[in-house]
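*Asks:* Okay, so here is query-v3.cif, and as you'll see once you scroll down, it has mmCIF, C-alpha atoms.
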data_coords
#
loop_
_atom_site.group_PDB
_atom_site.id
_atom_site.type_symbol
_atom_site.label_atom_id
_atom_site.label_comp_id
_atom_site.auth_asym_id
_atom_site.auth_seq_id
_atom_site.Cartn_x
_atom_site.Cartn_y
_atom_site.Cartn_z
ATOM 1 C CA MET A 80 147.913 139.843 140.003
ATOM 2 C CA GLY A 81 149.991 138.225 137.301
ATOM 3 C CA GLU A 82 148.916 136.913 133.946
ATOM 4 C CA ARG A 83 145.588 135.179 133.887
ATOM 5 C CA LEU A 84 143.940 133.030 131.271
ATOM 6 C CA HIS A 85 140.390 133.758 130.218
ATOM 7 C CA PRO A 86 139.164 130.616 128.432
ATOM 8 C CA THR A 87 135.476 131.607 128.392
ATOM 9 C CA LEU A 88 136.350 134.850 126.621
ATOM 10 C CA ALA A 89 138.831 133.163 124.266
ATOM 11 C CA THR A 90 136.315 130.479 123.272
ATOM 12 C CA TYR A 91 133.597 133.056 122.679
ATOM 13 C CA LEU A 92 135.728 135.310 120.472
ATOM 14 C CA ALA A 93 137.196 132.368 118.527
ATOM 15 C CA ALA A 94 133.698 131.348 117.407
ATOM 16 C CA LEU A 95 132.995 134.764 115.858
ATOM 17 C CA PRO A 96 133.969 135.575 112.254
ATOM 18 C CA GLN A 97 136.028 138.660 113.175
ATOM 19 C CA GLY A 98 136.535 138.248 116.885
ATOM 20 C CA VAL A 99 135.731 141.326 118.940
ATOM 21 C CA ASP A 100 135.056 143.317 115.748
ATOM 22 C CA SER A 101 132.227 141.008 114.642
ATOM 23 C CA TYR A 102 128.670 142.154 113.934
ATOM 24 C CA PRO A 103 128.989 145.913 114.553
ATOM 25 C CA GLY A 104 125.340 146.338 113.580
ATOM 26 C CA CYS A 105 124.262 144.323 116.610
ATOM 27 C CA THR A 106 124.062 146.652 119.590
ATOM 28 C CA VAL A 107 122.683 146.703 123.123
ATOM 29 C CA ARG A 108 122.015 149.446 125.631
ATOM 30 C CA ALA A 109 124.875 149.721 128.104
ATOM 31 C CA GLY A 110 122.558 149.364 131.091
ATOM 32 C CA THR A 111 123.504 145.804 132.036
ATOM 33 C CA LEU A 112 127.237 146.464 131.665
ATOM 34 C CA VAL A 113 127.004 149.616 133.793
ATOM 35 C CA SER A 114 124.857 147.790 136.352
ATOM 36 C CA ALA A 115 127.563 145.119 136.593
ATOM 37 C CA LEU A 116 130.269 147.741 137.051
ATOM 38 C CA ASP A 117 128.188 149.321 139.832
ATOM 39 C CA LEU A 118 128.344 145.997 141.699
ATOM 40 C CA LEU A 119 132.061 145.413 141.118
ATOM 41 C CA ASP A 120 135.291 146.892 142.344
ATOM 42 C CA LEU A 121 137.542 146.125 139.398
ATOM 43 C CA GLU A 122 141.220 146.524 140.163
ATOM 44 C CA SER A 123 142.380 145.328 136.752
ATOM 45 C CA THR A 124 141.020 144.823 133.254
ATOM 46 C CA GLU A 125 143.947 142.676 132.144
ATOM 47 C CA GLY A 126 142.894 140.273 129.425
ATOM 48 C CA LEU A 127 140.060 142.378 128.029
ATOM 49 C CA PRO A 128 140.305 143.308 124.333
ATOM 50 C CA GLU A 129 141.351 146.937 124.003
ATOM 51 C CA PRO A 130 138.025 148.382 122.762
ATOM 52 C CA VAL A 131 136.183 146.646 125.609
ATOM 53 C CA ARG A 132 138.777 147.823 128.123
ATOM 54 C CA ALA A 133 138.236 151.411 126.935
ATOM 55 C CA LEU A 134 134.482 150.999 127.359
ATOM 56 C CA VAL A 135 134.917 149.742 130.920
ATOM 57 C CA ALA A 136 137.396 152.494 131.783
ATOM 58 C CA ASP A 137 134.964 155.201 130.666
ATOM 59 C CA PRO A 138 131.454 153.706 130.959
ATOM 60 C CA PRO A 139 128.783 155.248 128.740
ATOM 61 C CA SER A 140 125.334 156.299 129.876
ATOM 62 C CA ARG A 141 122.963 153.411 130.537
ATOM 63 C CA SER A 142 120.800 154.337 127.543
ATOM 64 C CA ARG A 143 123.626 154.471 124.979
ATOM 65 C CA HIS A 144 123.930 151.568 122.548
ATOM 66 C CA VAL A 145 127.263 149.747 122.471
ATOM 67 C CA PRO A 146 128.374 146.789 120.321
ATOM 68 C CA GLU A 147 126.758 143.598 121.562
ATOM 69 C CA VAL A 148 130.036 141.703 121.139
ATOM 70 C CA TYR A 149 131.787 144.173 123.467
ATOM 71 C CA ASN A 150 129.079 143.640 126.070
ATOM 72 C CA LEU A 151 129.204 139.855 125.823
ATOM 73 C CA ALA A 152 133.010 139.828 125.729
ATOM 74 C CA PHE A 153 133.034 141.745 129.005
ATOM 75 C CA PHE A 154 130.667 139.295 130.681
ATOM 76 C CA SER A 155 132.635 136.327 129.300
ATOM 77 C CA TRP A 156 135.865 137.823 130.673
ATOM 78 C CA LEU A 157 134.195 138.475 134.014
ATOM 79 C CA ARG A 158 133.193 134.812 134.332
ATOM 80 C CA ASP A 159 136.864 133.785 134.293
ATOM 81 C CA GLU A 160 138.235 136.810 136.116
ATOM 82 C CA ARG A 161 136.057 136.685 139.216
ATOM 83 C CA PHE A 162 134.284 133.328 139.521
ATOM 84 C CA GLU A 163 135.369 129.729 140.114
ATOM 85 C CA GLY A 164 132.253 128.237 138.551
ATOM 86 C CA ASP A 165 129.022 129.024 136.753
ATOM 87 C CA ASP A 166 126.817 128.957 139.870
ATOM 88 C CA GLY A 167 128.409 131.978 141.526
ATOM 89 C CA TYR A 168 128.622 133.780 138.215
ATOM 90 C CA LEU A 169 124.947 133.251 137.416
ATOM 91 C CA THR A 170 123.976 134.419 140.901
ATOM 92 C CA PHE A 171 125.914 137.605 140.178
ATOM 93 C CA THR A 172 124.239 138.144 136.805
ATOM 94 C CA ASP A 173 120.857 137.694 138.511
ATOM 95 C CA ALA A 174 121.825 140.628 140.766
ATOM 96 C CA VAL A 175 122.829 142.630 137.681
ATOM 97 C CA PHE A 176 119.425 142.017 136.112
ATOM 98 C CA ARG A 177 117.586 142.952 139.308
ATOM 99 C CA ARG A 178 119.445 146.263 139.266
ATOM 100 C CA PHE A 179 118.833 146.759 135.536
ATOM 101 C CA TYR A 180 115.104 145.956 135.613
ATOM 102 C CA ALA A 181 114.574 148.234 138.621
ATOM 103 C CA MET A 182 115.011 151.183 136.238
ATOM 104 C CA PRO A 183 111.605 152.866 135.734
ATOM 105 C CA LEU A 184 111.262 152.182 131.990
ATOM 106 C CA TYR A 185 111.692 148.428 132.324
ATOM 107 C CA ARG A 186 109.841 148.096 135.631
ATOM 108 C CA VAL A 187 106.761 149.696 134.087
ATOM 109 C CA ALA A 188 107.083 147.629 130.901
ATOM 110 C CA PHE A 189 107.110 144.315 132.747
ATOM 111 C CA MET A 190 104.232 145.318 135.031
ATOM 112 C CA MET A 191 101.864 146.036 132.154
ATOM 113 C CA GLY A 192 99.691 142.967 132.647
ATOM 114 C CA ARG A 193 99.480 139.284 133.424
ATOM 115 C CA PRO A 194 102.463 137.020 132.688
ATOM 116 C CA GLY A 195 101.112 135.940 129.316
ATOM 117 C CA GLN A 196 100.609 139.522 128.193
ATOM 118 C CA VAL A 197 104.092 140.537 129.288
ATOM 119 C CA ALA A 198 105.728 137.503 127.668
ATOM 120 C CA SER A 199 103.885 138.279 124.438
ATOM 121 C CA ALA A 200 105.106 141.891 124.605
ATOM 122 C CA SER A 201 108.713 140.828 125.206
ATOM 123 C CA PRO A 202 109.719 141.153 121.518
ATOM 124 C CA ARG A 203 108.834 144.857 121.667
ATOM 125 C CA ILE A 204 110.687 145.296 124.953
ATOM 126 C CA TRP A 205 113.699 143.540 123.364
ATOM 127 C CA THR A 206 113.829 146.219 120.632
ATOM 128 C CA TRP A 207 114.121 148.906 123.327
ATOM 129 C CA VAL A 208 117.304 147.224 124.522
ATOM 130 C CA ARG A 209 118.857 145.593 121.433
ATOM 131 C CA GLN A 210 119.289 146.296 117.731
ATOM 132 C CA GLY A 211 120.378 143.851 115.024
ATOM 133 C CA THR A 212 118.840 140.851 116.795
ATOM 134 C CA ARG A 213 115.238 140.016 117.528
ATOM 135 C CA LEU A 214 112.966 138.104 119.883
ATOM 136 C CA GLU A 215 109.977 136.289 118.408
ATOM 137 C CA VAL A 216 106.846 134.722 119.859
ATOM 138 C CA VAL A 217 106.658 131.305 118.190
ATOM 139 C CA GLY A 218 103.910 129.629 120.196
ATOM 140 C CA ARG A 219 101.598 130.056 123.126
ATOM 141 C CA GLY A 220 99.253 128.115 125.377
ATOM 142 C CA GLU A 221 96.948 128.878 128.263
ATOM 143 C CA ARG A 222 99.831 129.208 130.724
ATOM 144 C CA HIS A 223 102.982 129.411 128.648
ATOM 145 C CA VAL A 224 104.547 131.400 125.810
ATOM 146 C CA GLU A 225 107.329 130.140 123.543
ATOM 147 C CA LEU A 226 109.960 132.674 122.520
ATOM 148 C CA ARG A 227 112.971 132.557 120.202
ATOM 149 C CA ALA A 228 115.926 134.954 120.173
ATOM 150 C CA VAL A 229 117.416 135.207 116.667
ATOM 151 C CA SER A 230 120.914 136.512 115.934
ATOM 152 C CA PRO A 231 123.866 136.199 113.552
ATOM 153 C CA PRO A 232 125.834 132.946 113.998
ATOM 154 C CA HIS A 233 127.469 132.452 117.408
ATOM 155 C CA LEU A 234 126.730 135.974 118.642
ATOM 156 C CA PHE A 235 125.201 134.366 121.734
ATOM 157 C CA ASP A 236 126.863 131.266 123.154
ATOM 158 C CA ALA A 237 125.423 128.701 125.564
ATOM 159 C CA LEU A 238 126.404 130.630 128.689
ATOM 160 C CA HIS A 239 124.848 133.817 127.319
ATOM 161 C CA ALA A 240 121.655 131.878 126.587
ATOM 162 C CA ARG A 241 121.484 130.770 130.229
ATOM 163 C CA ILE A 242 121.962 134.376 131.320
ATOM 164 C CA PHE A 243 119.156 135.592 129.011
ATOM 165 C CA ALA A 244 116.720 132.999 130.313
ATOM 166 C CA ARG A 245 117.525 133.846 133.914
ATOM 167 C CA GLY A 246 117.317 137.568 133.155
ATOM 168 C CA LEU A 247 113.828 137.240 131.718
ATOM 169 C CA GLN A 248 112.824 135.138 134.706
ATOM 170 C CA VAL A 249 114.130 137.841 137.079
ATOM 171 C CA ALA A 250 112.154 140.504 135.168
ATOM 172 C CA TYR A 251 108.871 138.583 135.185
ATOM 173 C CA ARG A 252 109.193 137.612 138.837
ATOM 174 C CA MET A 253 110.069 141.158 139.913
ATOM 175 C CA ALA A 254 107.048 142.517 138.107
ATOM 176 C CA HIS A 255 104.543 139.961 139.322
ATOM 177 C CA GLY A 256 106.007 138.391 142.462
ATOM 178 C CA PHE A 257 105.123 135.036 140.886
ATOM 179 C CA GLU A 258 107.830 132.652 142.073
ATOM 180 C CA ARG A 259 106.441 129.679 140.172
ATOM 181 C CA LEU A 260 107.026 131.397 136.844
ATOM 182 C CA SER A 261 110.031 129.900 135.057
ATOM 183 C CA VAL A 262 111.927 130.476 131.822
ATOM 184 C CA THR A 263 113.521 127.355 130.374
ATOM 185 C CA LEU A 264 115.825 126.891 127.406
ATOM 186 C CA GLY A 265 115.251 124.651 124.425
ATOM 187 C CA GLU A 266 117.936 123.318 122.091
ATOM 188 C CA GLN A 267 120.109 126.225 121.001
ATOM 189 C CA THR A 268 121.468 126.586 117.455
ATOM 190 C CA PRO A 269 124.169 129.015 116.251
ATOM 191 C CA THR A 270 121.450 131.532 115.286
ATOM 192 C CA ALA A 271 118.540 130.851 117.664
ATOM 193 C CA ILE A 272 117.822 130.489 121.374
ATOM 194 C CA PRO A 273 114.397 128.954 122.092
ATOM 195 C CA MET A 274 112.884 129.750 125.494
ATOM 196 C CA THR A 275 109.596 128.853 127.168
ATOM 197 C CA VAL A 276 107.982 131.163 129.706
ATOM 198 C CA ASP A 277 105.816 128.924 131.890
ATOM 199 C CA TRP A 278 103.561 129.909 134.783
ATOM 200 C CA ARG A 279 101.670 126.621 135.168
#
Let me see whether you can do it: turn the structure in this file into structure tokens.
*Replies:*
Amino acid sequence: MGERLHPTLATYLAALPQGVDSYPGCTVRAGTLVSALDLLDLESTEGLPEPVRALVADPPSRSRHVPEVYNLAFFSWLRDERFEGDDGYLTFTDAVFRRFYAMPLYRVAFMMGRPGQVASASPRIWTWVRQGTRLEVVGRGERHVELRAVSPPHLFDALHARIFARGLQVAYRMAHGFERLSVTLGEQTPTAIPMTVDWR
């Protein structure tokens, strides 16, 4: 294939204090990474940092926690490795989330009630998947809930924020079949991603 540049990955890692070794206390279940690998036929992992390459070569169980930076580095690398633009990439990550949220634990969690109840329970669901970061409910109305994901600086970049919002939207829509429900992003800071779940 020849040498390939991976600017999305390089930009992401450059913003972190210790590159791929940053924030080891922030972890995520490997379910989304494994779901992505299930949908791919990777011929090469050239350009991936070595610890991430090892993870991809020998994928863990879906329930095992792995470093969040490894997970996000993989998805950043994949954006450059396989896709010409964000649209195709985001369509792919939507498919990853549909596969991930089809697992019984998450399907049941998101079907527990009406959209407002599920959105309000999302911080608890987040703790099933991630450690070292948190999701907060910061406001609510009759037909919307305001959420905020909080993390160490630059753990999540702007592309990751778009993926999170779309992933939550996939989960809520799968559970309720409510196509009008949307998850929109507010103004991101280095440590916070504001999102609004709206079913008006």
*Asks:* When you draw a straight line from atom CA of Pro96 of chain A to atom CA of Pro232 of chain A, how long is it in Å?
*Replies:* 8.7 Å
*Asks:* Write out as a list of chain:residue names each polymer residue whose atoms come within 9 Å of Arg219 of chain A, counting all atoms listed in the file; drop sequence neighbours fewer than 4 positions from it.
*Replies:*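 The filter keeps A:Gly195, A:Ser199, A:His223, A:Val224, A:Glu225, A:Leu226.
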*Asks:* Go through A:Ala200, A:Ser142, A:Asp137, A:Gly211 one by one, measure the shortest atom-to-atom distance of each to Gly104 of chain A using all atoms listed in the file, and give the residue with the smallest value.
*Replies:* A:Gly211
*Asks:* Show me the residues close to (113.5, 126.6, 130.9) - anything with an atom within 8 Å, counting all atoms listed in the file - and format the list as a PDB file with C-alpha atoms, in the frame of the given file.
*Replies:*
ATOM      1  CA  ALA A 244     116.720 132.999 130.313  1.00  0.00           C
ATOM      2  CA  SER A 261     110.031 129.900 135.057  1.00  0.00           C
ATOM      3  CA  VAL A 262     111.927 130.476 131.822  1.00  0.00           C
ATOM      4  CA  THR A 263     113.521 127.355 130.374  1.00  0.00           C
ATOM      5  CA  LEU A 264     115.825 126.891 127.406  1.00  0.00           C
ATOM      6  CA  GLY A 265     115.251 124.651 124.425  1.00  0.00           C
ATOM      7  CA  MET A 274     112.884 129.750 125.494  1.00  0.00           C
ATOM      8  CA  THR A 275     109.596 128.853 127.168  1.00  0.00           C
ATOM      9  CA  VAL A 276     107.982 131.163 129.706  1.00  0.00           C
TER      10      VAL A 276
END
*Asks:* Report the distance between atom CA of Thr87 of chain A and atom CA of Ala109 of chain A in Å, rounded to one decimal place.
*Replies:*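 Separation of atom CA of Thr87 of chain A and atom CA of Ala109 of chain A: 21.0 Å.
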*Asks:* Between A:Gln97, A:Ser155, A:Thr124, A:Thr106, which one has atoms that come closest to Leu238 of chain A, using only C-alpha atoms?
*Replies:* A:Ser155
*Asks:* Give me the result of the PyMOL selection byres ((chain A and resi 114-118) around 10) on this file, residue by residue, as a compact mmCIF listing (two decimals) with C-alpha atoms, keeping the file's coordinate frame.
*Replies:*
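Just written: out00.txt:
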# COMPACT_ATOMS: atom_id res chain seq x y z
CA ALA A 109 124.88 149.72 128.10
CA GLY A 110 122.56 149.36 131.09
CA THR A 111 123.50 145.80 132.04
CA LEU A 112 127.24 146.46 131.66
CA VAL A 113 127.00 149.62 133.79
CA LEU A 119 132.06 145.41 141.12
CA ASP A 120 135.29 146.89 142.34
CA LEU A 121 137.54 146.12 139.40
CA VAL A 135 134.92 149.74 130.92
CA PRO A 138 131.45 153.71 130.96
CA ARG A 141 122.96 153.41 130.54
CA PHE A 153 133.03 141.74 129.00
CA PHE A 154 130.67 139.29 130.68
CA LEU A 157 134.20 138.48 134.01
CA PHE A 171 125.91 137.60 140.18
CA THR A 172 124.24 138.14 136.80
CA ALA A 174 121.82 140.63 140.77
CA VAL A 175 122.83 142.63 137.68
CA PHE A 176 119.42 142.02 136.11
CA ARG A 177 117.59 142.95 139.31
CA ARG A 178 119.44 146.26 139.27
CA PHE A 179 118.83 146.76 135.54
CA TYR A 180 115.10 145.96 135.61
*Asks:* Could you tell me how far atom CA of Trp156 of chain A lies from atom CA of Cys105 of chain A, in Å and to one decimal?
*Replies:*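 Going from atom CA of Trp156 of chain A over to atom CA of Cys105 of chain A covers 19.4 Å.
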*Asks:* If you apply the PyMOL selection byres ((chain A and resi 127) around 9) to this file, what residues do you get, as a ChimeraX atom specification?
*Replies:* /A:85,88,124-126,128-132,152-153,156
*Asks:* Write to file, as a PDB file, keeping the file's coordinate frame, the residues of the selection just made, with C-alpha atoms.
*Replies:*
ATOM      1  CA  HIS A  85     140.390 133.758 130.218  1.00  0.00           C
ATOM      2  CA  LEU A  88     136.350 134.850 126.621  1.00  0.00           C
ATOM      3  CA  THR A 124     141.020 144.823 133.254  1.00  0.00           C
ATOM      4  CA  GLU A 125     143.947 142.676 132.144  1.00  0.00           C
ATOM      5  CA  GLY A 126     142.894 140.273 129.425  1.00  0.00           C
ATOM      6  CA  PRO A 128     140.305 143.308 124.333  1.00  0.00           C
ATOM      7  CA  GLU A 129     141.351 146.937 124.003  1.00  0.00           C
ATOM      8  CA  PRO A 130     138.025 148.382 122.762  1.00  0.00           C
ATOM      9  CA  VAL A 131     136.183 146.646 125.609  1.00  0.00           C
ATOM     10  CA  ARG A 132     138.777 147.823 128.123  1.00  0.00           C
ATOM     11  CA  ALA A 152     133.010 139.828 125.729  1.00  0.00           C
ATOM     12  CA  PHE A 153     133.034 141.745 129.005  1.00  0.00           C
ATOM     13  CA  TRP A 156     135.865 137.823 130.673  1.00  0.00           C
TER      14      TRP A 156
END
*Asks:* The PyMOL selection byres ((chain A and resi 214) around 12) - which residues does that actually catch in the file I just gave you? List them as a ChimeraX atom specification.
*Replies:* /A:198-213,215-217,225-230,243,247,270-274
*Asks:* Kindly save the residues from that selection, with C-alpha atoms included, as a PDB file, keeping the file's coordinate frame.
*Replies:*
ATOM      1  CA  ALA A 198     105.728 137.503 127.668  1.00  0.00           C
ATOM      2  CA  SER A 199     103.885 138.279 124.438  1.00  0.00           C
ATOM      3  CA  ALA A 200     105.106 141.891 124.605  1.00  0.00           C
ATOM      4  CA  SER A 201     108.713 140.828 125.206  1.00  0.00           C
ATOM      5  CA  PRO A 202     109.719 141.153 121.518  1.00  0.00           C
ATOM      6  CA  ARG A 203     108.834 144.857 121.667  1.00  0.00           C
ATOM      7  CA  ILE A 204     110.687 145.296 124.953  1.00  0.00           C
ATOM      8  CA  TRP A 205     113.699 143.540 123.364  1.00  0.00           C
ATOM      9  CA  THR A 206     113.829 146.219 120.632  1.00  0.00           C
ATOM     10  CA  TRP A 207     114.121 148.906 123.327  1.00  0.00           C
ATOM     11  CA  VAL A 208     117.304 147.224 124.522  1.00  0.00           C
ATOM     12  CA  ARG A 209     118.857 145.593 121.433  1.00  0.00           C
ATOM     13  CA  GLN A 210     119.289 146.296 117.731  1.00  0.00           C
ATOM     14  CA  GLY A 211     120.378 143.851 115.024  1.00  0.00           C
ATOM     15  CA  THR A 212     118.840 140.851 116.795  1.00  0.00           C
ATOM     16  CA  ARG A 213     115.238 140.016 117.528  1.00  0.00           C
ATOM     17  CA  GLU A 215     109.977 136.289 118.408  1.00  0.00           C
ATOM     18  CA  VAL A 216     106.846 134.722 119.859  1.00  0.00           C
ATOM     19  CA  VAL A 217     106.658 131.305 118.190  1.00  0.00           C
ATOM     20  CA  GLU A 225     107.329 130.140 123.543  1.00  0.00           C
ATOM     21  CA  LEU A 226     109.960 132.674 122.520  1.00  0.00           C
ATOM     22  CA  ARG A 227     112.971 132.557 120.202  1.00  0.00           C
ATOM     23  CA  ALA A 228     115.926 134.954 120.173  1.00  0.00           C
ATOM     24  CA  VAL A 229     117.416 135.207 116.667  1.00  0.00           C
ATOM     25  CA  SER A 230     120.914 136.512 115.934  1.00  0.00           C
ATOM     26  CA  PHE A 243     119.156 135.592 129.011  1.00  0.00           C
ATOM     27  CA  LEU A 247     113.828 137.240 131.718  1.00  0.00           C
ATOM     28  CA  THR A 270     121.450 131.532 115.286  1.00  0.00           C
ATOM     29  CA  ALA A 271     118.540 130.851 117.664  1.00  0.00           C
ATOM     30  CA  ILE A 272     117.822 130.489 121.374  1.00  0.00           C
ATOM     31  CA  PRO A 273     114.397 128.954 122.092  1.00  0.00           C
ATOM     32  CA  MET A 274     112.884 129.750 125.494  1.00  0.00           C
TER      33      MET A 274
END
*Asks:* Using 4 Å of padding on each side, determine the axis-aligned box around all atoms of segment 266-274 of chain A present in the file and give its centre and edge lengths in Å to one decimal, as AutoDock Vina command-line options.
*Replies:*
--center_x 118.5 --center_y 127.4 --center_z 120.4 --size_x 19.3 --size_y 16.2 --size_z 18.2
*Asks:* Given the choices A:Arg259, A:Val145, A:Arg158, A:Arg241, which gets closest to Ala133 of chain A if the distance is worked out from all atoms listed in the file?
*Replies:*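 Closest to Ala133 of chain A, using all atoms listed in the file: A:Val145.
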*Asks:* My list of candidates is A:Ala237, A:Ala93, A:Ile242, A:Val99. Which is closest to Pro269 of chain A when distances are computed with all atoms listed in the file?
*Replies:*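 Smallest separation from Pro269 of chain A among the options: A:Ala237.
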*Asks:* Counting only C-alpha atoms, which residue out of A:Glu266, A:Asp166, A:Asp277, A:Asp236 sits closest to Leu92 of chain A?
*Replies:*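 Of all the options, A:Asp236 lies closest to Leu92 of chain A.
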